[in-house]
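The next block is input.cif, given as mmCIF, C-alpha atoms (C1' of nucleotides).
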```cif
data_target
#
loop_
_atom_site.group_PDB
_atom_site.id
_atom_site.type_symbol
_atom_site.label_atom_id
_atom_site.label_comp_id
_atom_site.auth_asym_id
_atom_site.auth_seq_id
_atom_site.Cartn_x
_atom_site.Cartn_y
_atom_site.Cartn_z
ATOM 1 C CA MET A 1 -58.756 81.488 47.123
ATOM 2 C CA THR A 2 -58.465 82.281 50.792
ATOM 3 C CA SER A 3 -57.856 79.800 53.577
ATOM 4 C CA GLU A 4 -61.213 80.827 54.929
ATOM 5 C CA ALA A 5 -63.043 79.887 51.719
ATOM 6 C CA LEU A 6 -61.118 76.628 51.422
ATOM 7 C CA ALA A 7 -61.909 75.802 55.015
ATOM 8 C CA ARG A 8 -65.600 76.269 54.358
ATOM 9 C CA ALA A 9 -65.447 74.010 51.318
ATOM 10 C CA LEU A 10 -63.508 71.374 53.248
ATOM 11 C CA ASN A 11 -65.624 71.609 56.388
ATOM 12 C CA THR A 12 -62.670 72.532 58.492
ATOM 13 C CA ASN A 13 -60.758 75.429 59.937
ATOM 14 C CA PRO A 14 -58.643 78.057 58.142
ATOM 15 C CA VAL A 15 -55.685 77.303 60.352
ATOM 16 C CA VAL A 16 -55.842 73.640 59.477
ATOM 17 C CA VAL A 17 -55.890 74.617 55.818
ATOM 18 C CA ARG A 18 -52.821 76.816 56.264
ATOM 19 C CA ARG A 19 -50.998 74.014 58.032
ATOM 20 C CA LEU A 20 -51.639 71.631 55.175
ATOM 21 C CA MET A 21 -51.064 74.149 52.409
ATOM 22 C CA GLY A 22 -47.798 75.169 54.037
ATOM 23 C CA GLY A 23 -46.345 71.805 53.057
ATOM 24 C CA LEU A 24 -47.541 72.206 49.487
ATOM 25 C CA ARG A 25 -46.095 75.706 49.294
ATOM 26 C CA GLU A 26 -42.655 74.552 50.414
ATOM 27 C CA HIS A 27 -42.650 72.215 47.440
ATOM 28 C CA GLY A 28 -43.843 74.908 45.073
ATOM 29 C CA TYR A 29 -47.192 73.324 44.272
ATOM 30 C CA VAL A 30 -49.074 76.373 45.489
ATOM 31 C CA HIS A 31 -48.260 79.973 46.201
ATOM 32 C CA SER A 32 -49.645 82.200 48.950
ATOM 33 C CA GLU A 33 -49.959 85.938 49.300
ATOM 34 C CA LYS A 34 -50.783 88.004 52.304
ATOM 35 C CA GLY A 35 -52.936 91.071 52.554
ATOM 36 C CA HIS A 36 -55.775 92.426 50.517
ATOM 37 C CA GLY A 37 -56.643 90.169 47.618
ATOM 38 C CA GLY A 38 -54.245 87.582 48.957
ATOM 39 C CA GLY A 39 -54.834 83.867 49.348
ATOM 40 C CA TRP A 40 -53.715 80.719 47.620
ATOM 41 C CA THR A 41 -52.990 80.146 43.966
ATOM 42 C CA LEU A 42 -52.028 77.008 42.121
ATOM 43 C CA SER A 43 -48.464 77.071 40.847
ATOM 44 C CA CYS A 44 -47.930 73.685 39.271
ATOM 45 C CA GLN A 45 -49.023 71.682 36.256
ATOM 46 C CA LEU A 46 -51.755 69.277 37.302
ATOM 47 C CA ASP A 47 -50.314 66.531 35.149
ATOM 48 C CA GLN A 48 -46.909 66.909 36.766
ATOM 49 C CA VAL A 49 -47.993 66.334 40.333
ATOM 50 C CA THR A 50 -49.119 63.012 41.778
ATOM 51 C CA LEU A 51 -50.828 61.989 44.976
ATOM 52 C CA ARG A 52 -47.451 60.678 46.033
ATOM 53 C CA ASP A 53 -45.984 64.161 45.703
ATOM 54 C CA ILE A 54 -48.804 65.521 47.824
ATOM 55 C CA TYR A 55 -48.363 62.780 50.408
ATOM 56 C CA GLU A 56 -44.676 63.518 50.687
ATOM 57 C CA ALA A 57 -45.181 67.276 50.724
ATOM 58 C CA LEU A 58 -47.486 66.709 53.668
ATOM 59 C CA ASP A 59 -44.463 65.189 55.421
ATOM 60 C CA ALA A 60 -45.468 61.610 54.686
ATOM 61 C CA PRO A 61 -47.791 61.103 57.636
ATOM 62 C CA ARG A 62 -47.887 57.704 59.289
ATOM 63 C CA LEU A 63 -49.405 55.239 56.842
ATOM 64 C CA PHE A 64 -50.102 52.193 58.997
ATOM 65 C CA ALA A 65 -52.180 51.880 62.111
ATOM 66 C CA ILE A 66 -50.223 48.784 63.128
ATOM 67 C CA GLY A 67 -46.520 48.239 63.646
ATOM 68 C CA ASN A 68 -43.809 47.139 66.029
ATOM 69 C CA ARG A 69 -44.332 47.965 69.677
ATOM 70 C CA SER A 70 -40.692 48.933 69.930
ATOM 71 C CA GLU A 71 -37.745 48.839 67.573
ATOM 72 C CA GLU A 72 -35.197 47.837 70.173
ATOM 73 C CA THR A 73 -35.929 44.747 72.177
ATOM 74 C CA GLU A 74 -34.134 42.105 74.186
ATOM 75 C CA CYS A 75 -36.741 39.529 73.324
ATOM 76 C CA LEU A 76 -35.814 37.217 70.467
ATOM 77 C CA VAL A 77 -39.426 36.310 69.797
ATOM 78 C CA GLU A 78 -40.340 39.954 69.424
ATOM 79 C CA GLU A 79 -37.256 40.405 67.278
ATOM 80 C CA ALA A 80 -38.369 37.675 64.900
ATOM 81 C CA VAL A 81 -41.884 39.064 64.682
ATOM 82 C CA ASN A 82 -40.629 42.617 64.218
ATOM 83 C CA HIS A 83 -38.399 41.501 61.405
ATOM 84 C CA ALA A 84 -41.229 39.796 59.538
ATOM 85 C CA MET A 85 -43.606 42.669 60.165
ATOM 86 C CA SER A 86 -41.175 45.403 59.147
ATOM 87 C CA SER A 87 -40.339 43.621 55.971
ATOM 88 C CA VAL A 88 -43.984 43.232 54.972
ATOM 89 C CA LEU A 89 -44.885 46.792 55.860
ATOM 90 C CA ALA A 90 -41.927 48.156 53.924
ATOM 91 C CA ASP A 91 -42.952 46.205 50.833
ATOM 92 C CA VAL A 92 -46.532 47.283 51.173
ATOM 93 C CA LYS A 93 -45.592 50.904 51.686
ATOM 94 C CA ALA A 94 -43.503 50.772 48.543
ATOM 95 C CA GLN A 95 -46.519 49.539 46.617
ATOM 96 C CA PHE A 96 -48.610 52.273 48.142
ATOM 97 C CA LEU A 97 -46.176 54.955 47.032
ATOM 98 C CA ALA A 98 -45.976 53.420 43.581
ATOM 99 C CA CYS A 99 -49.772 53.537 43.231
ATOM 100 C CA PHE A 100 -50.013 57.073 44.500
ATOM 101 C CA GLY A 101 -47.186 57.995 42.159
ATOM 102 C CA GLN A 102 -49.369 56.925 39.237
ATOM 103 C CA ILE A 103 -52.280 59.184 40.064
ATOM 104 C CA THR A 104 -51.858 62.733 38.846
ATOM 105 C CA LEU A 105 -53.955 65.666 39.916
ATOM 106 C CA ALA A 106 -54.913 65.964 36.258
ATOM 107 C CA ALA A 107 -56.458 62.503 36.457
ATOM 108 C CA LEU A 108 -58.477 63.497 39.495
ATOM 109 C CA HIS A 109 -59.457 66.692 37.730
ATOM 110 C CA ALA A 110 -60.716 64.707 34.762
ATOM 111 C CA ASP A 111 -62.558 62.301 37.013
ATOM 112 C CA PHE A 112 -64.234 65.208 38.748
ATOM 113 C CA HIS A 113 -65.444 66.644 35.439
ATOM 114 C CA GLN A 114 -66.822 63.279 34.422
ATOM 115 C CA ARG A 115 -68.756 63.057 37.637
ATOM 116 C CA LEU A 116 -69.983 66.594 37.141
ATOM 117 C CA ALA A 117 -71.191 65.806 33.636
ATOM 118 C CA ALA A 118 -72.826 62.590 34.790
ATOM 119 C CA ARG A 119 -74.739 64.321 37.534
ATOM 120 C CA HIS A 120 -78.348 65.142 36.726
ATOM 121 C CA GLY A 121 -79.981 68.343 37.870
ATOM 122 C CA PRO A 122 -78.312 71.690 38.399
ATOM 123 C CA THR A 123 -74.553 71.697 38.624
ATOM 124 C CA THR A 124 -73.831 73.388 41.904
ATOM 125 C CA LEU A 125 -70.243 73.278 42.971
ATOM 126 C CA CYS A 126 -69.079 71.931 46.287
ATOM 127 C CA LYS A 127 -70.398 74.630 48.660
ATOM 128 C CA MET B 1 -49.281 29.245 80.383
ATOM 129 C CA THR B 2 -51.371 31.670 82.382
ATOM 130 C CA SER B 3 -52.480 35.102 81.201
ATOM 131 C CA GLU B 4 -50.478 36.497 84.068
ATOM 132 C CA ALA B 5 -47.234 34.875 82.894
ATOM 133 C CA LEU B 6 -47.866 35.894 79.297
ATOM 134 C CA ALA B 7 -48.571 39.446 80.392
ATOM 135 C CA ARG B 8 -45.234 39.590 82.189
ATOM 136 C CA ALA B 9 -43.421 38.305 79.116
ATOM 137 C CA LEU B 10 -45.215 40.789 76.878
ATOM 138 C CA ASN B 11 -44.878 43.709 79.268
ATOM 139 C CA THR B 12 -48.577 44.178 79.465
ATOM 140 C CA ASN B 13 -51.643 43.319 81.475
ATOM 141 C CA PRO B 14 -53.342 39.917 81.934
ATOM 142 C CA VAL B 15 -56.674 41.357 80.827
ATOM 143 C CA VAL B 16 -55.142 42.627 77.621
ATOM 144 C CA VAL B 17 -53.724 39.176 77.015
ATOM 145 C CA ARG B 18 -57.142 37.598 77.537
ATOM 146 C CA ARG B 19 -58.724 40.060 75.140
ATOM 147 C CA LEU B 20 -56.269 39.145 72.427
ATOM 148 C CA MET B 21 -56.207 35.433 73.119
ATOM 149 C CA GLY B 22 -60.008 35.388 73.075
ATOM 150 C CA GLY B 23 -59.913 36.008 69.341
ATOM 151 C CA LEU B 24 -57.405 33.218 68.837
ATOM 152 C CA ARG B 25 -59.485 30.830 70.916
ATOM 153 C CA GLU B 26 -62.611 31.462 68.860
ATOM 154 C CA HIS B 27 -60.669 30.306 65.827
ATOM 155 C CA GLY B 28 -59.294 27.263 67.620
ATOM 156 C CA TYR B 29 -55.658 28.326 67.552
ATOM 157 C CA VAL B 30 -55.424 28.154 71.320
ATOM 158 C CA HIS B 31 -57.393 26.609 74.107
ATOM 159 C CA SER B 32 -58.022 27.988 77.568
ATOM 160 C CA GLU B 33 -58.910 26.387 80.858
ATOM 161 C CA LYS B 34 -60.113 27.890 84.045
ATOM 162 C CA GLY B 35 -59.209 27.026 87.594
ATOM 163 C CA HIS B 36 -56.235 25.382 89.186
ATOM 164 C CA GLY B 37 -53.577 24.466 86.640
ATOM 165 C CA GLY B 38 -55.553 26.315 83.996
ATOM 166 C CA GLY B 39 -54.256 28.764 81.429
ATOM 167 C CA TRP B 40 -53.582 28.763 77.722
ATOM 168 C CA THR B 41 -52.410 25.930 75.526
ATOM 169 C CA LEU B 42 -51.578 25.868 71.858
ATOM 170 C CA SER B 43 -54.055 23.897 69.790
ATOM 171 C CA CYS B 44 -52.888 24.305 66.209
ATOM 172 C CA GLN B 45 -50.064 23.211 63.943
ATOM 173 C CA LEU B 46 -47.565 26.045 63.670
ATOM 174 C CA ASP B 47 -47.104 25.410 59.982
ATOM 175 C CA GLN B 48 -50.849 25.627 59.371
ATOM 176 C CA VAL B 49 -51.360 29.108 60.782
ATOM 177 C CA THR B 50 -50.152 32.310 59.181
ATOM 178 C CA LEU B 51 -49.859 35.881 60.364
ATOM 179 C CA ARG B 52 -52.866 36.576 58.204
ATOM 180 C CA ASP B 53 -54.890 34.055 60.198
ATOM 181 C CA ILE B 54 -53.781 35.764 63.403
ATOM 182 C CA TYR B 55 -54.591 39.199 62.002
ATOM 183 C CA GLU B 56 -58.071 38.096 61.042
ATOM 184 C CA ALA B 57 -58.650 36.217 64.285
ATOM 185 C CA LEU B 58 -57.837 39.479 66.031
ATOM 186 C CA ASP B 59 -60.791 40.939 64.141
ATOM 187 C CA ALA B 60 -58.656 42.553 61.438
ATOM 188 C CA PRO B 61 -57.824 45.751 63.270
ATOM 189 C CA ARG B 62 -57.596 48.954 61.286
ATOM 190 C CA LEU B 63 -54.586 48.682 58.980
ATOM 191 C CA PHE B 64 -54.160 52.224 57.683
ATOM 192 C CA ALA B 65 -53.692 55.428 59.577
ATOM 193 C CA ILE B 66 -55.032 57.388 56.609
ATOM 194 C CA GLY B 67 -58.290 57.137 54.733
ATOM 195 C CA ASN B 68 -61.404 58.912 53.568
ATOM 196 C CA ARG B 69 -62.813 61.515 55.896
ATOM 197 C CA SER B 70 -66.274 60.214 55.135
ATOM 198 C CA GLU B 71 -67.715 57.616 52.812
ATOM 199 C CA GLU B 72 -70.824 59.564 51.878
ATOM 200 C CA THR B 73 -70.310 63.015 50.501
ATOM 201 C CA GLU B 74 -72.089 65.576 48.363
ATOM 202 C CA CYS B 75 -68.813 66.968 47.098
ATOM 203 C CA LEU B 76 -67.731 65.663 43.701
ATOM 204 C CA VAL B 77 -64.115 66.577 44.334
ATOM 205 C CA GLU B 78 -64.080 64.569 47.521
ATOM 206 C CA GLU B 79 -65.864 61.792 45.686
ATOM 207 C CA ALA B 80 -63.146 61.626 43.058
ATOM 208 C CA VAL B 81 -60.401 61.659 45.659
ATOM 209 C CA ASN B 82 -62.173 59.046 47.780
ATOM 210 C CA HIS B 83 -62.511 56.803 44.784
ATOM 211 C CA ALA B 84 -58.818 56.967 43.946
ATOM 212 C CA MET B 85 -57.811 56.556 47.564
ATOM 213 C CA SER B 86 -60.126 53.630 48.274
ATOM 214 C CA SER B 87 -58.951 51.822 45.221
ATOM 215 C CA VAL B 88 -55.293 52.184 46.154
ATOM 216 C CA LEU B 89 -55.840 51.225 49.768
ATOM 217 C CA ALA B 90 -57.854 48.173 48.768
ATOM 218 C CA ASP B 91 -55.081 46.991 46.455
ATOM 219 C CA VAL B 92 -52.461 47.627 49.055
ATOM 220 C CA LYS B 93 -54.432 45.868 51.745
ATOM 221 C CA ALA B 94 -54.766 42.870 49.462
ATOM 222 C CA GLN B 95 -51.010 42.771 49.080
ATOM 223 C CA PHE B 96 -50.618 43.076 52.822
ATOM 224 C CA LEU B 97 -52.906 40.110 53.425
ATOM 225 C CA ALA B 98 -51.118 38.104 50.768
ATOM 226 C CA CYS B 99 -47.757 38.746 52.423
ATOM 227 C CA PHE B 100 -49.047 37.924 55.875
ATOM 228 C CA GLY B 101 -50.670 34.833 54.423
ATOM 229 C CA GLN B 102 -47.207 33.603 53.409
ATOM 230 C CA ILE B 103 -45.690 33.797 56.865
ATOM 231 C CA THR B 104 -46.437 30.797 59.048
ATOM 232 C CA LEU B 105 -45.905 30.646 62.760
ATOM 233 C CA ALA B 106 -43.527 27.793 62.008
ATOM 234 C CA ALA B 107 -41.381 30.190 60.005
ATOM 235 C CA LEU B 108 -41.278 32.628 62.909
ATOM 236 C CA HIS B 109 -40.491 29.747 65.214
ATOM 237 C CA ALA B 110 -37.566 28.733 63.038
ATOM 238 C CA ASP B 111 -36.363 32.317 62.817
ATOM 239 C CA PHE B 112 -36.481 32.577 66.584
ATOM 240 C CA HIS B 113 -34.345 29.481 67.006
ATOM 241 C CA GLN B 114 -31.831 30.773 64.528
ATOM 242 C CA ARG B 115 -31.554 33.992 66.494
ATOM 243 C CA LEU B 116 -31.204 32.005 69.679
ATOM 244 C CA ALA B 117 -28.395 29.902 68.224
ATOM 245 C CA ALA B 118 -26.655 32.972 66.838
ATOM 246 C CA ARG B 119 -26.714 34.773 70.152
ATOM 247 C CA HIS B 120 -23.475 34.631 72.092
ATOM 248 C CA GLY B 121 -23.417 34.287 75.851
ATOM 249 C CA PRO B 122 -25.933 32.437 77.995
ATOM 250 C CA THR B 123 -29.264 31.652 76.427
ATOM 251 C CA THR B 124 -31.806 33.156 78.738
ATOM 252 C CA LEU B 125 -35.323 33.198 77.446
ATOM 253 C CA CYS B 126 -37.436 36.277 77.141
ATOM 254 C CA LYS B 127 -38.110 37.107 80.835
ATOM 255 C "C1'" DC C 1 -67.348 22.703 102.188
ATOM 256 C "C1'" DA C 2 -64.212 26.486 102.105
ATOM 257 C "C1'" DC C 3 -60.205 28.062 99.696
ATOM 258 C "C1'" DT C 4 -57.351 29.265 95.945
ATOM 259 C "C1'" DC C 5 -56.314 29.858 91.264
ATOM 260 C "C1'" DT C 6 -57.652 30.599 86.839
ATOM 261 C "C1'" DA C 7 -60.319 32.759 82.694
ATOM 262 C "C1'" DG C 8 -64.333 35.936 81.213
ATOM 263 C "C1'" DC C 9 -66.165 40.246 81.059
ATOM 264 C "C1'" DA C 10 -67.884 44.916 81.719
ATOM 265 C "C1'" DA C 11 -66.848 49.357 83.009
ATOM 266 C "C1'" DC C 12 -63.781 52.834 83.760
ATOM 267 C "C1'" DA C 13 -59.223 55.466 83.498
ATOM 268 C "C1'" DC C 14 -55.216 56.823 80.994
ATOM 269 C "C1'" DA C 15 -52.128 57.881 77.050
ATOM 270 C "C1'" DT C 16 -51.370 59.205 72.534
ATOM 271 C "C1'" DG C 17 -51.916 61.647 68.433
ATOM 272 C "C1'" DA C 18 -54.786 64.011 65.088
ATOM 273 C "C1'" DA C 19 -57.837 67.790 64.417
ATOM 274 C "C1'" DG C 20 -59.756 71.974 65.721
ATOM 275 C "C1'" DT C 21 -59.431 76.585 68.046
ATOM 276 C "C1'" DT C 22 -57.697 80.880 69.881
ATOM 277 C "C1'" DA C 23 -54.689 84.596 69.966
ATOM 278 C "C1'" DC C 24 -51.411 87.352 68.196
ATOM 279 C "C1'" DA C 25 -47.738 88.793 64.853
ATOM 280 C "C1'" DT C 26 -46.587 90.069 60.084
ATOM 281 C "C1'" DG C 27 -47.177 91.734 55.523
ATOM 282 C "C1'" DA C 28 -49.832 93.911 51.676
ATOM 283 C "C1'" DG C 29 -53.177 96.601 49.564
ATOM 284 C "C1'" DA C 30 -56.964 100.422 49.975
ATOM 285 C "C1'" DT D 1 -54.089 103.954 59.238
ATOM 286 C "C1'" DC D 2 -57.427 100.532 58.484
ATOM 287 C "C1'" DT D 3 -58.678 96.126 56.772
ATOM 288 C "C1'" DC D 4 -57.751 91.716 54.990
ATOM 289 C "C1'" DA D 5 -54.945 88.094 54.370
ATOM 290 C "C1'" DT D 6 -51.240 84.481 55.803
ATOM 291 C "C1'" DG D 7 -47.838 82.522 59.606
ATOM 292 C "C1'" DT D 8 -47.369 80.430 63.784
ATOM 293 C "C1'" DA D 9 -47.396 79.054 68.556
ATOM 294 C "C1'" DA D 10 -50.065 77.411 72.204
ATOM 295 C "C1'" DC D 11 -53.938 75.415 73.819
ATOM 296 C "C1'" DT D 12 -58.242 72.503 73.672
ATOM 297 C "C1'" DT D 13 -61.000 68.820 72.055
ATOM 298 C "C1'" DC D 14 -61.891 64.356 70.300
ATOM 299 C "C1'" DA D 15 -61.152 59.582 68.870
ATOM 300 C "C1'" DT D 16 -58.924 55.390 69.619
ATOM 301 C "C1'" DG D 17 -56.159 52.035 71.551
ATOM 302 C "C1'" DT D 18 -54.245 50.389 75.890
ATOM 303 C "C1'" DG D 19 -54.248 49.586 80.632
ATOM 304 C "C1'" DT D 20 -56.743 48.866 85.098
ATOM 305 C "C1'" DT D 21 -60.193 47.598 88.463
ATOM 306 C "C1'" DG D 22 -63.771 44.883 90.186
ATOM 307 C "C1'" DC D 23 -66.589 41.285 89.893
ATOM 308 C "C1'" DT D 24 -68.410 36.544 88.181
ATOM 309 C "C1'" DA D 25 -67.839 31.754 87.155
ATOM 310 C "C1'" DG D 26 -65.555 27.473 86.800
ATOM 311 C "C1'" DA D 27 -62.065 24.012 88.336
ATOM 312 C "C1'" DG D 28 -58.966 21.791 91.268
ATOM 313 C "C1'" DT D 29 -57.178 21.230 96.444
ATOM 314 C "C1'" DG D 30 -57.283 20.385 101.341
#
```
Would you put the structure from the file into structure tokens?
Amino acid sequence: MTSEALARALNTNPVVVRRLMGGLREHGYVHSEKGHGGGWTLSCQLDQVTLRDIYEALDAPRLFAIGNRSEETECLVEEAVNHAMSSVLADVKAQFLACFGQITLAALHADFHQRLAARHGPTTLCK
Amino acid sequence: MTSEALARALNTNPVVVRRLMGGLREHGYVHSEKGHGGGWTLSCQLDQVTLRDIYEALDAPRLFAIGNRSEETECLVEEAVNHAMSSVLADVKAQFLACFGQITLAALHADFHQRLAARHGPTTLCK
DNA sequence: CACTCTAGCAACACATGAAGTTACATGAGA
DNA sequence: TCTCATGTAACTTCATGTGTTGCTAGAGTG
């Protein structure tokens, strides 16, 4: 599948697709080929890869929209708050990764097929 | 304490302080007075208010930097991914609130004083 | 009554970061 | 050699949170 086709399906731009897929390629989850007949191919077992793997392959983008204003501070009040905050966010992030680590692509694949079967009417694929 | 003094201590702007404190006032955690000698006063028991209360009084700002691109979609793949994602984020947010709900302002207050005692040299307050 | 000091608030400006776009280079078939 | 694909850098756009200005209203002071 080409970046162009993926971009159309995802309602985005081929370059954005390449940027994202680049991370997945570095981890061996997909493979890309240039030139005629090129594009992206899957190169992993769906039951061996989790959302956590994907998240990390995508360079673990920032998870929280909140956080400490600064790590280094002179202010002892800020220090106390930062300490409490950091500790909570670290715990919560760990739980997040654990959850994502439980969800395999195979599970999503199965869920998709269930939804497809449940849908009435003609079964047109996403775009 | 005036918004102006708080803003100096927090390295920000009086208007920003008022915006934030407004949320706390609505929940009765602080009280404000206009005019000469006015400003902000605490009006709650520190051991009765948690970070969760503060977070919610501040209108529960967006917690995650990631999330579904859109809630409504035609695409069954996106639907499956959204479902998995939403479920994880909801669980994780619940844990976040639970943690924040355990941390009272009194605890932060105590932590601050411990840091103050532990600090060598003269004890100058934050600004 | 005039003056000053304070919060309240709306409207605007700025900063940051994510997402999208353009342009060009590189490699692989036809 | 032409076309089709990825790779990548640089730039633009957009969304969101933060900061700023300007004004109103209320409360004490002289």
Near-DA23 in chain C list (12 Å; only C-alpha atoms (C1' of nucleotides); drop same-chain fewer than 6 positions) as a PDB file with C-alpha atoms (C1' of nucleotides), in the frame of the given file:
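Final output, around39.pdb:
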```pdb
ATOM      1  C1'  DT D   8     -47.369  80.430  63.784  1.00  0.00           C
ATOM      2  C1'  DA D   9     -47.396  79.054  68.556  1.00  0.00           C
ATOM      3  C1'  DA D  10     -50.065  77.411  72.204  1.00  0.00           C
ATOM      4  C1'  DC D  11     -53.938  75.415  73.819  1.00  0.00           C
TER       5       DC D  11
END
```
Next item on the list: Using only C-alpha atoms (C1' of nucleotides), find the residues of chain C whose closest atom to chain B is at most 9 Å away, then write them as a list in words.
Entry: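 Applying the cut-off to the listed atoms yields DT4, DC5, DT6, DA7 and DG8 of chain C.
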(request) Starting from chain B, keep only residues with some atom at most 10 Å from an atom of chain A, counting all atoms listed in the file, and report them as number ranges by chain. (result) B: 9-10, 51, 61-67, 73-81, 83-85, 87-89, 91-100, 103, 105, 107-116, 119, 124-127
Onto chain A, please fit chain B by least squares using all C-alpha atoms in order, then return the transformed chain as a short mmCIF file (atom, residue, chain, number, x, y, z; two decimals) with C-alpha atoms, keeping the file's coordinate frame.
```cif
data_model
loop_
_atom_site.label_atom_id
_atom_site.label_comp_id
_atom_site.auth_asym_id
_atom_site.auth_seq_id
_atom_site.Cartn_x
_atom_site.Cartn_y
_atom_site.Cartn_z
CA MET B 1 -58.66 81.43 47.16
CA THR B 2 -58.40 82.29 50.83
CA SER B 3 -57.81 79.79 53.63
CA GLU B 4 -61.17 80.82 54.97
CA ALA B 5 -63.00 79.90 51.75
CA LEU B 6 -61.09 76.63 51.45
CA ALA B 7 -61.90 75.79 55.05
CA ARG B 8 -65.60 76.28 54.37
CA ALA B 9 -65.43 74.03 51.33
CA LEU B 10 -63.53 71.37 53.26
CA ASN B 11 -65.65 71.64 56.39
CA THR B 12 -62.70 72.52 58.50
CA ASN B 13 -60.76 75.39 59.97
CA PRO B 14 -58.64 78.03 58.17
CA VAL B 15 -55.67 77.25 60.40
CA VAL B 16 -55.86 73.59 59.48
CA VAL B 17 -55.91 74.58 55.83
CA ARG B 18 -52.81 76.74 56.30
CA ARG B 19 -51.02 73.91 58.06
CA LEU B 20 -51.65 71.58 55.16
CA MET B 21 -51.06 74.11 52.42
CA GLY B 22 -47.78 75.09 54.07
CA GLY B 23 -46.34 71.74 53.07
CA LEU B 24 -47.53 72.17 49.50
CA ARG B 25 -46.08 75.66 49.33
CA GLU B 26 -42.64 74.50 50.44
CA HIS B 27 -42.64 72.17 47.45
CA GLY B 28 -43.84 74.88 45.09
CA TYR B 29 -47.19 73.30 44.29
CA VAL B 30 -49.04 76.35 45.51
CA HIS B 31 -48.22 79.94 46.24
CA SER B 32 -49.60 82.14 48.98
CA GLU B 33 -49.91 85.87 49.37
CA LYS B 34 -50.71 87.94 52.36
CA GLY B 35 -52.86 91.02 52.64
CA HIS B 36 -55.70 92.39 50.61
CA GLY B 37 -56.58 90.14 47.68
CA GLY B 38 -54.18 87.55 49.03
CA GLY B 39 -54.76 83.84 49.42
CA TRP B 40 -53.66 80.68 47.67
CA THR B 41 -52.94 80.13 44.01
CA LEU B 42 -51.98 77.00 42.16
CA SER B 43 -48.42 77.05 40.88
CA CYS B 44 -47.91 73.65 39.29
CA GLN B 45 -49.02 71.67 36.26
CA LEU B 46 -51.76 69.28 37.31
CA ASP B 47 -50.32 66.54 35.15
CA GLN B 48 -46.91 66.91 36.77
CA VAL B 49 -48.00 66.32 40.35
CA THR B 50 -49.14 63.00 41.76
CA LEU B 51 -50.84 61.96 44.96
CA ARG B 52 -47.48 60.64 46.03
CA ASP B 53 -46.00 64.13 45.68
CA ILE B 54 -48.83 65.49 47.81
CA TYR B 55 -48.39 62.74 50.39
CA GLU B 56 -44.70 63.48 50.69
CA ALA B 57 -45.19 67.24 50.70
CA LEU B 58 -47.51 66.68 53.64
CA ASP B 59 -44.51 65.16 55.40
CA ALA B 60 -45.53 61.56 54.69
CA PRO B 61 -47.89 61.10 57.60
CA ARG B 62 -48.02 57.73 59.31
CA LEU B 63 -49.48 55.24 56.84
CA PHE B 64 -50.17 52.19 58.99
CA ALA B 65 -52.25 51.87 62.10
CA ILE B 66 -50.27 48.79 63.12
CA GLY B 67 -46.58 48.28 63.64
CA ASN B 68 -43.85 47.21 66.02
CA ARG B 69 -44.37 48.05 69.65
CA SER B 70 -40.73 49.05 69.86
CA GLU B 71 -37.78 48.95 67.51
CA GLU B 72 -35.21 47.98 70.11
CA THR B 73 -35.91 44.89 72.12
CA GLU B 74 -34.09 42.27 74.14
CA CYS B 75 -36.67 39.65 73.30
CA LEU B 76 -35.73 37.33 70.44
CA VAL B 77 -39.34 36.40 69.80
CA GLU B 78 -40.29 40.03 69.41
CA GLU B 79 -37.22 40.51 67.26
CA ALA B 80 -38.32 37.78 64.88
CA VAL B 81 -41.84 39.12 64.69
CA ASN B 82 -40.61 42.69 64.21
CA HIS B 83 -38.39 41.58 61.39
CA ALA B 84 -41.21 39.85 59.54
CA MET B 85 -43.60 42.71 60.17
CA SER B 86 -41.19 45.45 59.13
CA SER B 87 -40.35 43.66 55.96
CA VAL B 88 -43.99 43.25 54.97
CA LEU B 89 -44.90 46.81 55.86
CA ALA B 90 -41.95 48.17 53.92
CA ASP B 91 -42.97 46.22 50.82
CA VAL B 92 -46.54 47.28 51.17
CA LYS B 93 -45.62 50.90 51.69
CA ALA B 94 -43.53 50.76 48.53
CA GLN B 95 -46.54 49.52 46.62
CA PHE B 96 -48.64 52.25 48.15
CA LEU B 97 -46.20 54.93 47.02
CA ALA B 98 -46.01 53.40 43.57
CA CYS B 99 -49.79 53.50 43.23
CA PHE B 100 -50.04 57.05 44.49
CA GLY B 101 -47.20 57.97 42.17
CA GLN B 102 -49.38 56.90 39.23
CA ILE B 103 -52.29 59.17 40.05
CA THR B 104 -51.86 62.73 38.82
CA LEU B 105 -53.95 65.65 39.91
CA ALA B 106 -54.91 65.95 36.25
CA ALA B 107 -56.46 62.49 36.44
CA LEU B 108 -58.48 63.49 39.49
CA HIS B 109 -59.45 66.68 37.71
CA ALA B 110 -60.71 64.71 34.74
CA ASP B 111 -62.56 62.29 37.00
CA PHE B 112 -64.23 65.21 38.73
CA HIS B 113 -65.44 66.64 35.44
CA GLN B 114 -66.81 63.30 34.39
CA ARG B 115 -68.76 63.09 37.62
CA LEU B 116 -69.98 66.61 37.10
CA ALA B 117 -71.19 65.83 33.59
CA ALA B 118 -72.84 62.62 34.73
CA ARG B 119 -74.75 64.33 37.50
CA HIS B 120 -78.35 65.12 36.69
CA GLY B 121 -80.01 68.30 37.85
CA PRO B 122 -78.35 71.67 38.33
CA THR B 123 -74.60 71.71 38.58
CA THR B 124 -73.86 73.43 41.83
CA LEU B 125 -70.28 73.29 42.94
CA CYS B 126 -69.13 71.95 46.24
CA LYS B 127 -70.44 74.65 48.65
#
```
- Message: Could you tell me, as a PyMOL selection string, exactly which residues end up selected when the PyMOL selection byres ((chain D) within 8 of (chain A)) is applied to this structure?
- Response: chain D and resi 3-6
Problem - Exercise: range 12-22 of chain D partners within 10 Å, only C-alpha atoms (C1' of nucleotides), chain neighbours under 5 positions left out, as a PyMOL selection string - result: (chain B and resi 12-16) or (chain C and resi 10-22)
